[in-house]
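K.L.:
Handing over query10.cif, mmCIF, N, CA and C atoms.
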data_work
#
loop_
_atom_site.label_atom_id
_atom_site.label_comp_id
_atom_site.auth_asym_id
_atom_site.auth_seq_id
_atom_site.Cartn_x
_atom_site.Cartn_y
_atom_site.Cartn_z
N MET A 29 91.84 133.05 83.14
CA MET A 29 91.89 133.97 84.27
C MET A 29 90.57 133.90 85.01
N GLY A 30 90.64 133.77 86.33
CA GLY A 30 89.44 133.64 87.15
C GLY A 30 88.64 134.94 87.23
N ALA A 31 87.50 134.82 87.83
CA ALA A 31 86.63 135.97 88.04
C ALA A 31 87.32 136.98 88.95
N PRO A 32 86.89 138.23 88.92
CA PRO A 32 87.48 139.21 89.84
C PRO A 32 87.04 138.98 91.28
N VAL A 33 87.85 139.43 92.20
CA VAL A 33 87.57 139.29 93.63
C VAL A 33 86.23 139.92 93.99
N ARG A 34 85.81 140.93 93.24
CA ARG A 34 84.53 141.58 93.55
C ARG A 34 83.37 140.58 93.54
N VAL A 35 83.49 139.50 92.76
CA VAL A 35 82.44 138.47 92.71
C VAL A 35 82.31 137.80 94.08
N ILE A 36 83.42 137.52 94.72
CA ILE A 36 83.39 136.92 96.07
C ILE A 36 82.77 137.91 97.05
N LEU A 37 83.17 139.17 96.96
CA LEU A 37 82.63 140.18 97.88
C LEU A 37 81.13 140.38 97.68
N GLU A 38 80.68 140.29 96.44
CA GLU A 38 79.24 140.44 96.17
C GLU A 38 78.45 139.31 96.83
N ARG A 39 79.02 138.13 96.87
CA ARG A 39 78.35 136.98 97.48
C ARG A 39 78.40 137.01 99.00
N LYS A 40 79.54 137.35 99.55
CA LYS A 40 79.72 137.28 101.01
C LYS A 40 79.44 138.59 101.71
N GLY A 41 79.53 139.68 101.00
CA GLY A 41 79.37 140.99 101.61
C GLY A 41 80.73 141.63 101.85
N ALA A 42 80.72 142.93 101.98
CA ALA A 42 81.96 143.68 102.12
C ALA A 42 82.23 144.13 103.55
N GLU A 43 81.38 143.74 104.49
CA GLU A 43 81.58 144.15 105.88
C GLU A 43 82.87 143.53 106.42
N VAL A 44 83.64 144.35 107.10
CA VAL A 44 84.91 143.89 107.66
C VAL A 44 84.98 144.27 109.13
N ALA A 45 85.35 143.29 109.95
CA ALA A 45 85.56 143.56 111.37
C ALA A 45 86.93 144.22 111.52
N THR A 46 86.93 145.38 112.18
CA THR A 46 88.19 146.08 112.41
C THR A 46 88.36 146.37 113.90
N VAL A 47 89.59 146.51 114.30
CA VAL A 47 89.93 146.96 115.65
C VAL A 47 91.03 148.00 115.53
N ALA A 48 91.08 148.89 116.49
CA ALA A 48 92.10 149.93 116.50
C ALA A 48 93.44 149.35 116.91
N PRO A 49 94.54 149.92 116.42
CA PRO A 49 95.87 149.42 116.78
C PRO A 49 96.15 149.44 118.28
N ASP A 50 95.54 150.40 118.99
CA ASP A 50 95.79 150.49 120.43
C ASP A 50 94.81 149.69 121.28
N ALA A 51 93.86 148.99 120.64
CA ALA A 51 92.94 148.13 121.39
C ALA A 51 93.71 146.97 122.00
N GLU A 52 93.23 146.47 123.12
CA GLU A 52 93.87 145.30 123.73
C GLU A 52 93.56 144.06 122.89
N VAL A 53 94.49 143.13 122.87
CA VAL A 53 94.32 141.89 122.14
C VAL A 53 93.05 141.17 122.60
N ALA A 54 92.72 141.24 123.88
CA ALA A 54 91.50 140.59 124.40
C ALA A 54 90.26 141.10 123.67
N GLU A 55 90.22 142.39 123.34
CA GLU A 55 89.09 142.95 122.61
C GLU A 55 89.00 142.35 121.21
N ALA A 56 90.15 142.23 120.55
CA ALA A 56 90.18 141.64 119.21
C ALA A 56 89.74 140.18 119.25
N VAL A 57 90.18 139.46 120.27
CA VAL A 57 89.78 138.06 120.44
C VAL A 57 88.27 137.97 120.62
N HIS A 58 87.72 138.88 121.41
CA HIS A 58 86.27 138.90 121.62
C HIS A 58 85.53 139.15 120.28
N VAL A 59 86.02 140.08 119.49
CA VAL A 59 85.39 140.37 118.20
C VAL A 59 85.43 139.13 117.31
N MET A 60 86.59 138.47 117.24
CA MET A 60 86.72 137.27 116.40
C MET A 60 85.79 136.16 116.88
N THR A 61 85.73 135.97 118.19
CA THR A 61 84.87 134.92 118.75
C THR A 61 83.40 135.24 118.51
N ALA A 62 82.99 136.46 118.79
CA ALA A 62 81.58 136.85 118.64
C ALA A 62 81.11 136.74 117.20
N ARG A 63 81.99 137.01 116.25
CA ARG A 63 81.61 136.98 114.84
C ARG A 63 81.95 135.65 114.15
N GLY A 64 82.64 134.78 114.86
CA GLY A 64 83.01 133.49 114.27
C GLY A 64 83.98 133.65 113.10
N ILE A 65 84.95 134.53 113.27
CA ILE A 65 85.92 134.80 112.20
C ILE A 65 87.33 134.53 112.71
N GLY A 66 88.27 134.40 111.78
CA GLY A 66 89.63 134.04 112.14
C GLY A 66 90.61 135.18 112.12
N ALA A 67 90.15 136.38 111.75
CA ALA A 67 91.07 137.52 111.70
C ALA A 67 90.27 138.82 111.69
N VAL A 68 90.94 139.88 112.14
CA VAL A 68 90.38 141.22 112.06
C VAL A 68 91.41 142.12 111.38
N VAL A 69 90.91 143.12 110.70
CA VAL A 69 91.79 144.12 110.12
C VAL A 69 92.05 145.17 111.18
N VAL A 70 93.30 145.54 111.32
CA VAL A 70 93.68 146.57 112.28
C VAL A 70 93.67 147.90 111.53
N SER A 71 92.87 148.83 112.05
CA SER A 71 92.69 150.12 111.38
C SER A 71 92.29 151.17 112.40
N ALA A 72 92.95 152.30 112.35
CA ALA A 72 92.63 153.39 113.27
C ALA A 72 91.30 154.05 112.91
N ASP A 73 90.96 154.03 111.61
CA ASP A 73 89.76 154.74 111.17
C ASP A 73 88.74 153.87 110.44
N GLY A 74 88.99 152.56 110.37
CA GLY A 74 88.08 151.66 109.67
C GLY A 74 88.21 151.70 108.16
N SER A 75 89.18 152.46 107.67
CA SER A 75 89.36 152.61 106.24
C SER A 75 90.79 152.28 105.78
N GLU A 76 91.77 152.76 106.52
CA GLU A 76 93.17 152.51 106.19
C GLU A 76 93.64 151.23 106.88
N VAL A 77 94.28 150.35 106.15
CA VAL A 77 94.75 149.07 106.70
C VAL A 77 96.12 149.28 107.34
N ALA A 78 96.18 149.07 108.66
CA ALA A 78 97.45 149.16 109.39
C ALA A 78 98.07 147.77 109.56
N GLY A 79 97.21 146.74 109.57
CA GLY A 79 97.69 145.38 109.76
C GLY A 79 96.53 144.40 109.83
N VAL A 80 96.87 143.16 110.09
CA VAL A 80 95.88 142.10 110.28
C VAL A 80 96.28 141.32 111.52
N LEU A 81 95.31 141.02 112.35
CA LEU A 81 95.54 140.17 113.52
C LEU A 81 94.71 138.92 113.34
N SER A 82 95.38 137.78 113.33
CA SER A 82 94.69 136.51 113.13
C SER A 82 94.76 135.65 114.38
N GLU A 83 93.96 134.60 114.38
CA GLU A 83 94.00 133.64 115.49
C GLU A 83 95.41 133.08 115.66
N ARG A 84 96.09 132.83 114.55
CA ARG A 84 97.47 132.32 114.60
C ARG A 84 98.38 133.27 115.36
N ASP A 85 98.23 134.57 115.08
CA ASP A 85 99.06 135.57 115.78
C ASP A 85 98.84 135.49 117.28
N VAL A 86 97.58 135.35 117.68
CA VAL A 86 97.24 135.29 119.10
C VAL A 86 97.79 134.03 119.74
N VAL A 87 97.62 132.90 119.07
CA VAL A 87 98.10 131.63 119.63
C VAL A 87 99.62 131.64 119.78
N ARG A 88 100.32 132.15 118.79
CA ARG A 88 101.78 132.23 118.89
C ARG A 88 102.21 133.11 120.06
N SER A 89 101.49 134.22 120.22
CA SER A 89 101.81 135.13 121.32
C SER A 89 101.49 134.51 122.67
N LEU A 90 100.40 133.76 122.74
CA LEU A 90 100.07 133.07 124.00
C LEU A 90 101.19 132.12 124.39
N ASP A 91 101.77 131.45 123.40
CA ASP A 91 102.86 130.53 123.68
C ASP A 91 104.10 131.28 124.19
N GLU A 92 104.37 132.44 123.61
CA GLU A 92 105.56 133.20 123.98
C GLU A 92 105.36 134.04 125.25
N ARG A 93 104.20 134.71 125.33
CA ARG A 93 103.99 135.69 126.40
C ARG A 93 102.97 135.24 127.45
N ARG A 94 102.36 134.11 127.22
CA ARG A 94 101.29 133.61 128.09
C ARG A 94 100.13 134.60 128.11
N GLU A 95 99.44 134.65 129.23
CA GLU A 95 98.23 135.47 129.33
C GLU A 95 98.52 136.96 129.16
N ASP A 96 99.77 137.36 129.39
CA ASP A 96 100.12 138.77 129.25
C ASP A 96 99.81 139.31 127.86
N CYS A 97 99.78 138.44 126.89
CA CYS A 97 99.54 138.92 125.52
C CYS A 97 98.15 139.54 125.37
N LEU A 98 97.19 139.11 126.19
CA LEU A 98 95.82 139.60 126.05
C LEU A 98 95.67 141.07 126.44
N THR A 99 96.60 141.58 127.22
CA THR A 99 96.52 142.99 127.60
C THR A 99 97.42 143.88 126.74
N GLN A 100 98.13 143.27 125.82
CA GLN A 100 99.01 144.03 124.92
C GLN A 100 98.17 144.74 123.86
N PRO A 101 98.70 145.81 123.28
CA PRO A 101 97.98 146.44 122.17
C PRO A 101 98.04 145.54 120.94
N VAL A 102 96.99 145.57 120.18
CA VAL A 102 96.90 144.76 118.96
C VAL A 102 98.11 145.02 118.06
N SER A 103 98.56 146.25 118.02
CA SER A 103 99.68 146.60 117.15
C SER A 103 100.95 145.82 117.46
N SER A 104 101.09 145.32 118.69
CA SER A 104 102.29 144.57 119.06
C SER A 104 102.27 143.13 118.56
N LEU A 105 101.11 142.64 118.15
CA LEU A 105 101.00 141.26 117.67
C LEU A 105 100.65 141.16 116.20
N MET A 106 100.05 142.20 115.65
CA MET A 106 99.52 142.14 114.29
C MET A 106 100.62 141.93 113.26
N THR A 107 100.21 141.43 112.13
CA THR A 107 101.08 141.39 110.96
C THR A 107 100.96 142.76 110.32
N GLY A 108 102.05 143.50 110.29
CA GLY A 108 102.01 144.87 109.78
C GLY A 108 102.27 144.98 108.30
N SER A 109 103.01 144.04 107.76
CA SER A 109 103.30 144.03 106.33
C SER A 109 102.24 143.17 105.66
N VAL A 110 101.15 143.81 105.26
CA VAL A 110 99.97 143.10 104.79
C VAL A 110 99.91 143.05 103.27
N HIS A 111 99.67 141.86 102.76
CA HIS A 111 99.40 141.70 101.33
C HIS A 111 97.93 142.03 101.11
N THR A 112 97.65 142.87 100.13
CA THR A 112 96.28 143.23 99.80
C THR A 112 96.00 142.92 98.35
N CYS A 113 94.73 143.01 97.99
CA CYS A 113 94.33 142.89 96.59
C CYS A 113 93.26 143.95 96.34
N THR A 114 92.83 144.06 95.11
CA THR A 114 91.78 145.01 94.76
C THR A 114 90.55 144.22 94.30
N PRO A 115 89.40 144.87 94.19
CA PRO A 115 88.22 144.17 93.70
C PRO A 115 88.41 143.60 92.30
N SER A 116 89.32 144.18 91.51
CA SER A 116 89.53 143.69 90.15
C SER A 116 90.61 142.62 90.04
N THR A 117 91.30 142.33 91.14
CA THR A 117 92.29 141.24 91.15
C THR A 117 91.57 139.94 90.78
N SER A 118 92.18 139.14 89.93
CA SER A 118 91.53 137.87 89.57
C SER A 118 91.62 136.88 90.72
N THR A 119 90.65 136.02 90.80
CA THR A 119 90.67 134.99 91.84
C THR A 119 91.87 134.06 91.66
N ASP A 120 92.31 133.87 90.42
CA ASP A 120 93.51 133.06 90.19
C ASP A 120 94.73 133.73 90.83
N GLU A 121 94.85 135.05 90.65
CA GLU A 121 95.96 135.80 91.27
C GLU A 121 95.86 135.74 92.78
N LEU A 122 94.64 135.87 93.31
CA LEU A 122 94.45 135.81 94.75
C LEU A 122 94.84 134.45 95.31
N MET A 123 94.41 133.37 94.64
CA MET A 123 94.77 132.03 95.11
C MET A 123 96.28 131.83 95.08
N ALA A 124 96.94 132.33 94.03
CA ALA A 124 98.40 132.21 93.95
C ALA A 124 99.06 132.98 95.09
N LEU A 125 98.59 134.20 95.37
CA LEU A 125 99.13 135.00 96.46
C LEU A 125 98.98 134.28 97.80
N MET A 126 97.79 133.77 98.06
CA MET A 126 97.54 133.08 99.33
C MET A 126 98.42 131.84 99.47
N THR A 127 98.61 131.13 98.39
CA THR A 127 99.42 129.92 98.41
C THR A 127 100.90 130.26 98.58
N GLU A 128 101.39 131.18 97.78
CA GLU A 128 102.82 131.52 97.81
C GLU A 128 103.22 132.17 99.14
N GLU A 129 102.37 133.02 99.66
CA GLU A 129 102.70 133.74 100.89
C GLU A 129 102.22 133.03 102.15
N ARG A 130 101.49 131.93 101.95
CA ARG A 130 100.95 131.14 103.07
C ARG A 130 100.11 132.01 104.01
N ILE A 131 99.17 132.74 103.40
CA ILE A 131 98.29 133.61 104.17
C ILE A 131 96.84 133.19 103.97
N ARG A 132 96.03 133.42 104.96
CA ARG A 132 94.64 132.98 104.94
C ARG A 132 93.64 134.11 104.82
N HIS A 133 94.11 135.35 105.01
CA HIS A 133 93.21 136.50 104.97
C HIS A 133 93.87 137.63 104.18
N VAL A 134 93.14 138.17 103.20
CA VAL A 134 93.67 139.24 102.38
C VAL A 134 92.67 140.40 102.36
N PRO A 135 93.07 141.55 102.90
CA PRO A 135 92.19 142.71 102.79
C PRO A 135 92.07 143.15 101.33
N VAL A 136 90.89 143.60 100.99
CA VAL A 136 90.63 144.12 99.66
C VAL A 136 90.56 145.64 99.79
N VAL A 137 91.36 146.34 98.99
CA VAL A 137 91.38 147.79 99.04
C VAL A 137 90.99 148.36 97.68
N ASP A 138 90.30 149.50 97.71
CA ASP A 138 89.90 150.14 96.46
C ASP A 138 91.06 150.92 95.87
N ASP A 139 90.81 151.61 94.77
CA ASP A 139 91.88 152.35 94.09
C ASP A 139 92.49 153.45 94.95
N ALA A 140 91.73 153.95 95.91
CA ALA A 140 92.24 154.99 96.81
C ALA A 140 92.97 154.40 98.01
N GLY A 141 93.03 153.07 98.08
CA GLY A 141 93.71 152.41 99.19
C GLY A 141 92.86 152.23 100.43
N HIS A 142 91.54 152.39 100.29
CA HIS A 142 90.63 152.24 101.42
C HIS A 142 90.06 150.83 101.47
N LEU A 143 89.85 150.35 102.67
CA LEU A 143 89.34 149.01 102.90
C LEU A 143 87.99 148.81 102.22
N ALA A 144 87.90 147.77 101.40
CA ALA A 144 86.66 147.49 100.65
C ALA A 144 86.12 146.10 100.96
N GLY A 145 86.85 145.32 101.75
CA GLY A 145 86.41 143.97 102.09
C GLY A 145 87.58 143.16 102.61
N LEU A 146 87.29 141.93 102.95
CA LEU A 146 88.31 140.99 103.41
C LEU A 146 87.94 139.62 102.86
N VAL A 147 88.90 138.96 102.25
CA VAL A 147 88.65 137.63 101.68
C VAL A 147 89.50 136.62 102.43
N SER A 148 88.86 135.56 102.88
CA SER A 148 89.59 134.49 103.57
C SER A 148 89.76 133.31 102.61
N ILE A 149 90.63 132.41 102.97
CA ILE A 149 90.83 131.22 102.16
C ILE A 149 89.52 130.42 102.09
N GLY A 150 88.74 130.45 103.16
CA GLY A 150 87.44 129.78 103.14
C GLY A 150 86.49 130.38 102.13
N ASP A 151 86.52 131.70 101.98
CA ASP A 151 85.69 132.37 100.98
C ASP A 151 86.10 131.93 99.58
N VAL A 152 87.40 131.84 99.36
CA VAL A 152 87.91 131.45 98.05
C VAL A 152 87.53 130.00 97.74
N VAL A 153 87.67 129.12 98.72
CA VAL A 153 87.31 127.71 98.52
C VAL A 153 85.82 127.58 98.22
N LYS A 154 84.98 128.28 98.97
CA LYS A 154 83.53 128.23 98.72
C LYS A 154 83.21 128.72 97.32
N TRP A 155 83.81 129.84 96.92
CA TRP A 155 83.58 130.37 95.58
C TRP A 155 84.00 129.35 94.53
N ARG A 156 85.15 128.73 94.71
CA ARG A 156 85.66 127.76 93.73
C ARG A 156 84.77 126.53 93.65
N ILE A 157 84.29 126.04 94.80
CA ILE A 157 83.38 124.89 94.80
C ILE A 157 82.09 125.24 94.05
N ASP A 158 81.55 126.43 94.31
CA ASP A 158 80.35 126.87 93.60
C ASP A 158 80.60 126.98 92.10
N GLU A 159 81.77 127.51 91.73
CA GLU A 159 82.12 127.65 90.33
C GLU A 159 82.23 126.27 89.65
N LEU A 160 82.88 125.32 90.32
CA LEU A 160 83.00 123.97 89.75
C LEU A 160 81.64 123.29 89.61
N GLY A 161 80.76 123.51 90.59
CA GLY A 161 79.40 122.96 90.50
C GLY A 161 78.65 123.51 89.32
N ALA A 162 78.77 124.81 89.07
CA ALA A 162 78.09 125.43 87.94
C ALA A 162 78.66 124.90 86.62
N GLU A 163 79.98 124.73 86.56
CA GLU A 163 80.61 124.18 85.35
C GLU A 163 80.14 122.74 85.11
N ARG A 164 80.07 121.97 86.18
CA ARG A 164 79.61 120.57 86.06
C ARG A 164 78.18 120.52 85.55
N GLU A 165 77.34 121.37 86.08
CA GLU A 165 75.94 121.41 85.66
C GLU A 165 75.82 121.82 84.19
N ALA A 166 76.59 122.82 83.78
CA ALA A 166 76.56 123.28 82.39
C ALA A 166 77.05 122.19 81.45
N LEU A 167 78.11 121.49 81.85
CA LEU A 167 78.62 120.41 81.01
C LEU A 167 77.62 119.26 80.92
N GLY A 168 76.96 118.97 82.04
CA GLY A 168 75.94 117.92 82.03
C GLY A 168 74.79 118.26 81.09
N GLU A 169 74.37 119.52 81.12
CA GLU A 169 73.30 119.96 80.22
C GLU A 169 73.76 119.92 78.77
N TYR A 170 75.01 120.29 78.52
CA TYR A 170 75.54 120.27 77.17
C TYR A 170 75.60 118.85 76.63
N VAL A 171 76.10 117.92 77.45
CA VAL A 171 76.24 116.53 77.02
C VAL A 171 74.87 115.90 76.79
N SER A 172 73.91 116.24 77.66
CA SER A 172 72.58 115.64 77.52
C SER A 172 71.74 116.34 76.45
N GLY A 173 72.23 117.45 75.95
CA GLY A 173 71.50 118.16 74.91
C GLY A 173 70.35 119.01 75.44
N SER A 174 70.32 119.27 76.75
CA SER A 174 69.19 120.01 77.32
C SER A 174 69.53 121.49 77.56
N TYR A 175 70.55 121.99 76.87
CA TYR A 175 70.96 123.39 77.08
C TYR A 175 70.15 124.34 76.28
#
Go ahead and express the file in the form of structure tokens.
P.N.:
Amino acid sequence: MGAPVRVILERKGAEVATVAPDAEVAEAVHVMTARGIGAVVVSADGSEVAGVLSERDVVRSLDERREDCLTQPVSSLMTGSVHTCTPSTSTDELMALMTEERIRHVPVVDDAGHLAGLVSIGDVVKWRIDELGAEREALGEYVSGSY
């Protein structure tokens, strides 16, 4: 069983970009562009998760609605049925969820259901690469007898 998701959050930080459900999509796009991120959590109060709006959601809407989508409320484009995890969810469980559901961003919620972070597939890949590097180094030290 992999490390808990809290390990990823400790490395990357728990700050999450949020936008209100009634904000215009253009505002959410600006937040994503300014922060160099691929998704924002939709939340009226910055704590309760109402949905997730990703670059994919915006691109699909641009294809369907053209430029009109940018003036729509975020709530009209967001994914409202959001898969979440907790800080204690194992990274193995998180990777399985992301793979099975074909999702790239998973909000992390605490036991009270409040937003505690956001993990992207990129965060998971970086964590896994770091973990494999540490394992490789430990095995190298073990084999060489320098442990």
K.L.:
Which residues of segment 84-144 of chain A have any atom within 10 Å of an atom in segment 70-73 of chain A when counting only C-alpha atoms, and what is the closest pair of atoms for each, with the distance in Å to one decimal? Order the rows by chain and rising number and write it as JSON lines.
P.N.:
{"residue": "A:Val102", "atom": "CA", "partner": "A:Val70", "partner_atom": "CA", "distance": 7.6}
{"residue": "A:Ser103", "atom": "CA", "partner": "A:Val70", "partner_atom": "CA", "distance": 7.7}
{"residue": "A:Met106", "atom": "CA", "partner": "A:Val70", "partner_atom": "CA", "distance": 7.6}
{"residue": "A:Thr107", "atom": "CA", "partner": "A:Val70", "partner_atom": "CA", "distance": 9.1}
{"residue": "A:Gly108", "atom": "CA", "partner": "A:Val70", "partner_atom": "CA", "distance": 8.9}
{"residue": "A:Leu143", "atom": "CA", "partner": "A:Ser71", "partner_atom": "CA", "distance": 9.2}
K.L.:
The selected residues should be written to file as a short mmCIF file (atom, residue, chain, number, x, y, z; two decimals), keeping the file's coordinate frame (atoms: N, CA and C atoms).
P.N.:
data_model
loop_
_atom_site.label_atom_id
_atom_site.label_comp_id
_atom_site.auth_asym_id
_atom_site.auth_seq_id
_atom_site.Cartn_x
_atom_site.Cartn_y
_atom_site.Cartn_z
N VAL A 102 96.99 145.57 120.18
CA VAL A 102 96.90 144.76 118.96
C VAL A 102 98.11 145.02 118.06
N SER A 103 98.56 146.25 118.02
CA SER A 103 99.68 146.60 117.15
C SER A 103 100.95 145.82 117.46
N MET A 106 100.05 142.20 115.65
CA MET A 106 99.52 142.14 114.29
C MET A 106 100.62 141.93 113.26
N THR A 107 100.21 141.43 112.13
CA THR A 107 101.08 141.39 110.96
C THR A 107 100.96 142.76 110.32
N GLY A 108 102.05 143.50 110.29
CA GLY A 108 102.01 144.87 109.78
C GLY A 108 102.27 144.98 108.30
N LEU A 143 89.85 150.35 102.67
CA LEU A 143 89.34 149.01 102.90
C LEU A 143 87.99 148.81 102.22
#
K.L.:
Is it possible to get the residues within 12 Å of (89.4, 135.7, 121.1) (coordinates as in the file, counting only C-alpha atoms) written as a list in words?
P.N.:
Glu52, Val53, Ala54, Glu55, Ala56, Val57, His58, Val59, Met60, Thr61, Ala62, Arg63, Gly64, Ile65, Gly66, Ala67, Val68, Leu81, Ser82, Glu83, Arg84, Asp85, Val86, Val87, Leu90, Cys97, Leu98 and Val102 of chain A
K.L.:
Please provide as a VMD selection string all residues within 6 Å of Thr114 of chain A, with the sequence filter that same-chain residues fewer than 5 positions apart are discarded (counting only N, CA and C atoms).
P.N.:
chain A and resid 33 to 34 136 to 138
K.L.:
Which distance in Å separates atom CA of His133 of chain A and atom CA of Asp91 of chain A, to one decimal?
P.N.:
21.9 Å
K.L.:
Calculate how many Å separate atom CA of Leu105 of chain A from atom C of Val80 of chain A, rounding to one decimal.
P.N.:
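Spanning atom CA of Leu105 of chain A to atom C of Val80 of chain A is a straight-line distance of 7.8 Å.
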K.L.:
Please compute the atom C of Gly150 of chain A-atom CA of Pro49 of chain A distance, one decimal, in Å.
P.N.:
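Calculated distance between atom C of Gly150 of chain A and atom CA of Pro49 of chain A is 25.8 Å.
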